[in-house]
Amino acid sequence: MKKTILTLLCLCMILTACNTEKIATYDNTHKIPYPAGAELEGAASVDRMFDVQNSKYFPALDFYNMKSGGSLTILENFKTFQQTTEVTCGPACIIMLLEYYGMYDGQSERGLYELRENQERPETMLKDLIIMLESLGEWDIFSTYDLDDPTEIPKDLIINSLKEGKPVLFGDDDFGGNWRIIIGYDDMGDDIISNDILIVADPYDTSDHHQDGYGVISFERLYYNWSNRYDPDFTHNLFLIASPAQ
């Protein structure tokens, strides 16, 4: 009997430790701080206002501290950022990318936005993101421009990029037009693509009861609905994989 009780106690301690590791806190510890004196509009203006702690619909997982292993490939300790205007999702993603590569030193989200090629439109195009990056140094870049057929994207492009430690920026019609970053991929340990999951860093994270800057979406749903109405060069498959040039 004593051995059984001891075993149960050990099991409870293990389960408790595992749950503690996976459950996130409702704070901004893993967000990139807003610049001092910045005017906060967009998602930043409602930071944490829509949180529902212990939501029965959206469990709060600690994506920042998750480790790759088993069926999951994730970029560990990836910090997020909430955009400070309604139109700077692209530059906000660039800030997250710079932070991930240890290159962020307070670059202005709005300053990056001003580098766009067409200032008469509010949208940030794929070419604009490339312009922003090239203004910051030398980069190895692979994007929709480099596909032989932009209407066809390799299904293993995302997972292969993550295995190389490279985030994948992507744009689609989410929220009427949005840029996000894929930082994780879970194939669920089987060959069924329909249940594969993507973990994303979202600069407008107001829809899952936990504004930590992370979200979860279906790989298959993105793959087959990967379209946009705002970039004149492409109607589908907007993506950008960039890393500092060696």
# chains A, B, ... in the order shown; residues from 1 in each chain; ligands from 1

call {"tool": "select_by_dssp", "arguments": {"residues": "region 15-194 of chain A", "states": "helix (DSSP H, G or I)", "output": "NGL selection string"}}
result
:A and (15-22 or 42-46 or 89-100 or 109-113 or 126-134 or 144-146 or 157-163 or 174-176 or 193-194)

call {"tool": "residues_around", "arguments": {"residues": "region 34-38 of chain A", "least_positions_apart": "6", "cutoff": "10 Å", "atoms": "only C-alpha atoms", "output": "PDB file with N, CA and C atoms, in the first residue's frame"}}
result
ATOM      1  N   ALA A  44      -1.631  47.230 -29.945  1.00  0.00           N
ATOM      2  CA  ALA A  44      -0.978  47.689 -28.720  1.00  0.00           C
ATOM      3  C   ALA A  44      -1.919  48.519 -27.857  1.00  0.00           C
ATOM      4  N   PHE A  81       5.668  40.773 -30.640  1.00  0.00           N
ATOM      5  CA  PHE A  81       5.483  42.229 -30.610  1.00  0.00           C
ATOM      6  C   PHE A  81       4.091  42.536 -31.146  1.00  0.00           C
ATOM      7  N   GLN A  82       3.369  43.414 -30.454  1.00  0.00           N
ATOM      8  CA  GLN A  82       2.055  43.842 -30.913  1.00  0.00           C
ATOM      9  C   GLN A  82       2.173  45.177 -31.636  1.00  0.00           C
ATOM     10  N   GLN A  83       1.644  45.231 -32.846  1.00  0.00           N
ATOM     11  CA  GLN A  83       1.805  46.417 -33.671  1.00  0.00           C
ATOM     12  C   GLN A  83       1.157  47.631 -33.016  1.00  0.00           C
ATOM     13  N   THR A  84       1.762  48.790 -33.222  1.00  0.00           N
ATOM     14  CA  THR A  84       1.303  50.011 -32.554  1.00  0.00           C
ATOM     15  C   THR A  84       0.447  50.902 -33.451  1.00  0.00           C
ATOM     16  N   GLY A 106      16.065  48.777 -31.210  1.00  0.00           N
ATOM     17  CA  GLY A 106      15.123  49.889 -31.118  1.00  0.00           C
ATOM     18  C   GLY A 106      14.693  50.454 -32.451  1.00  0.00           C
ATOM     19  N   GLN A 107      14.915  49.724 -33.539  1.00  0.00           N
ATOM     20  CA  GLN A 107      14.460  50.213 -34.846  1.00  0.00           C
ATOM     21  C   GLN A 107      12.964  50.566 -34.773  1.00  0.00           C
ATOM     22  N   SER A 108      12.602  51.637 -35.425  1.00  0.00           N
ATOM     23  CA  SER A 108      11.241  52.145 -35.359  1.00  0.00           C
ATOM     24  C   SER A 108      10.311  51.389 -36.305  1.00  0.00           C
ATOM     25  N   GLU A 109       9.250  50.871 -35.758  1.00  0.00           N
ATOM     26  CA  GLU A 109       8.226  50.205 -36.571  1.00  0.00           C
ATOM     27  C   GLU A 109       7.649  51.186 -37.601  1.00  0.00           C
ATOM     28  N   ARG A 110       7.384  52.398 -37.173  1.00  0.00           N
ATOM     29  CA  ARG A 110       6.813  53.397 -38.081  1.00  0.00           C
ATOM     30  C   ARG A 110       7.863  53.895 -39.072  1.00  0.00           C
TER      31      ARG A 110
END

call {"tool": "atom_distance", "arguments": {"atom1": "CA of Met132 (chain A)", "atom2": "CA of Phe170 (chain A)"}}
result
15.4 Å

call {"tool": "closest_residue", "arguments": {"among": "A:Gly171, A:Leu162, A:Leu40, A:Lys31", "to": "Phe78 (chain A)", "atoms": "only C-alpha atoms"}}
result
A:Lys31

call {"tool": "atom_distance", "arguments": {"atom1": "CA of Glu117 (chain A)", "atom2": "CA of Asp231 (chain A)"}}
result
12.1 Å

call {"tool": "residues_around", "arguments": {"residues": "Glu114 (chain A)", "least_positions_apart": "3", "cutoff": "12 Å", "atoms": "only C-alpha atoms", "output": "NGL selection string"}}
result
:A and (87-88 or 90-91 or 108-111 or 117-124 or 128-129 or 131-132 or 135)

call {"tool": "write_last_selection", "arguments": {"atoms": "N, CA and C atoms", "output": "compact mmCIF listing (two decimals), in the first residue's frame"}}
result
# COMPACT_ATOMS: atom_id res chain seq x y z
N VAL A 87 -1.88 49.52 -39.32
CA VAL A 87 -1.39 49.17 -40.66
C VAL A 87 0.06 48.69 -40.67
N THR A 88 0.65 48.43 -39.51
CA THR A 88 2.09 48.10 -39.50
C THR A 88 2.36 46.66 -39.09
N GLY A 90 3.37 44.30 -41.06
CA GLY A 90 4.61 43.92 -41.74
C GLY A 90 5.85 44.39 -40.99
N PRO A 91 5.96 45.71 -40.72
CA PRO A 91 7.11 46.19 -39.94
C PRO A 91 7.20 45.55 -38.56
N SER A 108 12.60 51.64 -35.42
CA SER A 108 11.24 52.14 -35.36
C SER A 108 10.31 51.39 -36.31
N GLU A 109 9.25 50.87 -35.76
CA GLU A 109 8.23 50.21 -36.57
C GLU A 109 7.65 51.19 -37.60
N ARG A 110 7.38 52.40 -37.17
CA ARG A 110 6.81 53.40 -38.08
C ARG A 110 7.86 53.89 -39.07
N GLY A 111 9.11 53.93 -38.63
CA GLY A 111 10.18 54.31 -39.55
C GLY A 111 10.34 53.29 -40.66
N GLU A 117 7.60 51.17 -50.83
CA GLU A 117 7.76 51.71 -52.18
C GLU A 117 6.60 52.62 -52.56
N ASN A 118 5.38 52.22 -52.23
CA ASN A 118 4.19 53.00 -52.60
C ASN A 118 3.57 53.60 -51.34
N GLN A 119 3.82 54.87 -51.13
CA GLN A 119 3.32 55.55 -49.94
C GLN A 119 1.85 55.97 -50.06
N GLU A 120 1.28 55.78 -51.23
CA GLU A 120 -0.12 56.18 -51.42
C GLU A 120 -1.09 55.11 -50.97
N ARG A 121 -0.58 53.91 -50.69
CA ARG A 121 -1.42 52.81 -50.21
C ARG A 121 -0.98 52.43 -48.80
N PRO A 122 -1.92 51.98 -47.95
CA PRO A 122 -1.55 51.64 -46.57
C PRO A 122 -0.91 50.27 -46.42
N GLU A 123 -1.10 49.39 -47.41
CA GLU A 123 -0.63 48.02 -47.27
C GLU A 123 0.89 47.91 -47.37
N THR A 124 1.43 46.89 -46.73
CA THR A 124 2.84 46.54 -46.87
C THR A 124 2.95 45.33 -47.79
N ASP A 128 8.07 45.35 -50.13
CA ASP A 128 8.35 46.34 -49.09
C ASP A 128 9.12 45.72 -47.93
N LEU A 129 8.74 44.49 -47.54
CA LEU A 129 9.47 43.81 -46.47
C LEU A 129 10.93 43.59 -46.86
N ILE A 131 12.63 45.44 -48.96
CA ILE A 131 13.26 46.76 -48.90
C ILE A 131 13.66 47.10 -47.46
N MET A 132 12.75 46.83 -46.52
CA MET A 132 13.04 47.12 -45.11
C MET A 132 14.26 46.34 -44.62
N SER A 135 17.56 47.52 -45.99
CA SER A 135 17.99 48.80 -45.40
C SER A 135 18.75 48.57 -44.10

call {"tool": "decode", "arguments": {"residues": "region 35-170 of chain A", "atoms": "C-alpha atoms", "output": "short mmCIF file (atom, residue, chain, number, x, y, z; two decimals), in the first residue's frame"}}
result
data_model
loop_
_atom_site.label_atom_id
_atom_site.label_comp_id
_atom_site.auth_asym_id
_atom_site.auth_seq_id
_atom_site.Cartn_x
_atom_site.Cartn_y
_atom_site.Cartn_z
CA PRO A 35 9.68 52.07 -27.58
CA ALA A 36 9.64 54.72 -24.86
CA GLY A 37 7.12 57.42 -25.64
CA ALA A 38 5.59 55.52 -28.57
CA GLU A 39 1.98 56.34 -29.39
CA LEU A 40 0.10 53.08 -28.94
CA GLU A 41 -2.62 52.38 -31.47
CA GLY A 42 -3.62 49.16 -33.21
CA ALA A 43 -3.26 45.95 -31.21
CA ALA A 44 -0.98 47.69 -28.72
CA SER A 45 -3.79 50.06 -27.72
CA VAL A 46 -5.89 47.15 -26.41
CA ASP A 47 -3.03 45.13 -24.94
CA ARG A 48 -4.49 42.43 -22.64
CA MET A 49 -7.98 44.00 -22.65
CA PHE A 50 -9.58 40.92 -24.24
CA ASP A 51 -7.79 38.27 -22.17
CA VAL A 52 -9.97 35.59 -20.61
CA GLN A 53 -7.90 33.78 -18.02
CA ASN A 54 -8.36 30.02 -17.94
CA SER A 55 -10.52 30.22 -21.07
CA LYS A 56 -12.44 27.04 -21.71
CA TYR A 57 -12.07 27.62 -25.45
CA PHE A 58 -8.42 28.68 -25.77
CA PRO A 59 -5.91 27.10 -23.38
CA ALA A 60 -2.95 29.37 -22.62
CA LEU A 61 0.20 27.48 -23.60
CA ASP A 62 3.73 28.65 -22.93
CA PHE A 63 5.01 28.79 -26.50
CA TYR A 64 8.04 30.88 -25.51
CA ASN A 65 9.53 28.08 -23.40
CA MET A 66 8.43 25.13 -25.55
CA LYS A 67 11.21 22.88 -26.83
CA SER A 68 11.47 20.98 -30.09
CA GLY A 69 10.99 17.28 -29.65
CA GLY A 70 8.80 14.42 -30.75
CA SER A 71 6.45 15.66 -33.44
CA LEU A 72 7.04 19.36 -32.66
CA THR A 73 9.58 21.66 -34.30
CA ILE A 74 9.61 25.12 -32.75
CA LEU A 75 11.92 28.14 -32.63
CA GLU A 76 12.63 28.40 -28.94
CA ASN A 77 12.43 31.69 -26.99
CA PHE A 78 10.90 33.60 -29.90
CA LYS A 79 9.68 36.98 -28.59
CA THR A 80 6.54 38.64 -29.93
CA PHE A 81 5.48 42.23 -30.61
CA GLN A 82 2.05 43.84 -30.91
CA GLN A 83 1.81 46.42 -33.67
CA THR A 84 1.30 50.01 -32.55
CA THR A 85 -0.83 51.10 -35.53
CA GLU A 86 -3.60 49.52 -37.57
CA VAL A 87 -1.39 49.17 -40.66
CA THR A 88 2.09 48.10 -39.50
CA CYS A 89 1.77 44.32 -39.22
CA GLY A 90 4.61 43.92 -41.74
CA PRO A 91 7.11 46.19 -39.94
CA ALA A 92 6.07 44.60 -36.62
CA CYS A 93 7.05 41.22 -38.07
CA ILE A 94 10.39 42.67 -39.14
CA ILE A 95 10.98 43.82 -35.56
CA MET A 96 10.27 40.30 -34.29
CA LEU A 97 12.64 38.87 -36.90
CA LEU A 98 15.39 41.30 -35.88
CA GLU A 99 14.89 40.40 -32.22
CA TYR A 100 15.10 36.68 -33.01
CA TYR A 101 18.43 37.15 -34.76
CA GLY A 102 19.78 39.44 -32.04
CA MET A 103 19.73 42.48 -34.35
CA TYR A 104 16.99 44.58 -32.79
CA ASP A 105 18.25 47.76 -31.17
CA GLY A 106 15.12 49.89 -31.12
CA GLN A 107 14.46 50.21 -34.85
CA SER A 108 11.24 52.14 -35.36
CA GLU A 109 8.23 50.21 -36.57
CA ARG A 110 6.81 53.40 -38.08
CA GLY A 111 10.18 54.31 -39.55
CA LEU A 112 10.31 50.95 -41.34
CA TYR A 113 6.78 51.56 -42.60
CA GLU A 114 7.93 54.79 -44.24
CA LEU A 115 10.37 52.81 -46.41
CA ARG A 116 7.54 51.24 -48.43
CA GLU A 117 7.76 51.71 -52.18
CA ASN A 118 4.19 53.00 -52.60
CA GLN A 119 3.32 55.55 -49.94
CA GLU A 120 -0.12 56.18 -51.42
CA ARG A 121 -1.42 52.81 -50.21
CA PRO A 122 -1.55 51.64 -46.57
CA GLU A 123 -0.63 48.02 -47.27
CA THR A 124 2.84 46.54 -46.87
CA MET A 125 3.76 44.44 -49.90
CA LEU A 126 6.20 41.57 -50.02
CA LYS A 127 8.69 43.76 -51.89
CA ASP A 128 8.35 46.34 -49.09
CA LEU A 129 9.47 43.81 -46.47
CA ILE A 130 12.51 43.03 -48.60
CA ILE A 131 13.26 46.76 -48.90
CA MET A 132 13.04 47.12 -45.11
CA LEU A 133 15.41 44.22 -44.51
CA GLU A 134 17.93 45.38 -47.08
CA SER A 135 17.99 48.80 -45.40
CA LEU A 136 19.26 47.03 -42.27
CA GLY A 137 22.13 45.03 -43.74
CA GLU A 138 22.92 41.97 -45.82
CA TRP A 139 20.38 39.13 -45.82
CA ASP A 140 19.90 35.75 -47.43
CA ILE A 141 16.33 35.94 -48.71
CA PHE A 142 14.00 33.37 -50.23
CA SER A 143 10.44 34.42 -51.01
CA THR A 144 7.50 34.03 -53.36
CA TYR A 145 9.57 35.86 -55.97
CA ASP A 146 11.94 32.89 -56.08
CA LEU A 147 9.34 30.21 -56.82
CA ASP A 148 9.25 28.80 -60.34
CA ASP A 149 5.45 28.84 -60.08
CA PRO A 150 4.14 31.26 -57.41
CA THR A 151 0.77 29.49 -57.43
CA GLU A 152 2.43 26.29 -56.18
CA ILE A 153 4.31 26.21 -52.90
CA PRO A 154 6.18 23.13 -51.64
CA LYS A 155 4.36 21.54 -48.71
CA ASP A 156 7.66 20.92 -46.91
CA LEU A 157 8.92 24.50 -47.29
CA ILE A 158 7.76 25.57 -43.82
CA ILE A 159 8.98 22.59 -41.83
CA ASN A 160 12.33 22.56 -43.64
CA SER A 161 12.85 26.25 -42.90
CA LEU A 162 12.03 25.80 -39.21
CA LYS A 163 14.43 22.86 -38.96
CA GLU A 164 17.12 25.25 -40.21
CA GLY A 165 16.18 27.68 -37.46
CA LYS A 166 14.55 30.18 -39.82
CA PRO A 167 11.14 31.80 -39.18
CA VAL A 168 8.67 32.06 -42.08
CA LEU A 169 6.89 35.39 -42.58
CA PHE A 170 3.61 35.00 -44.44
#
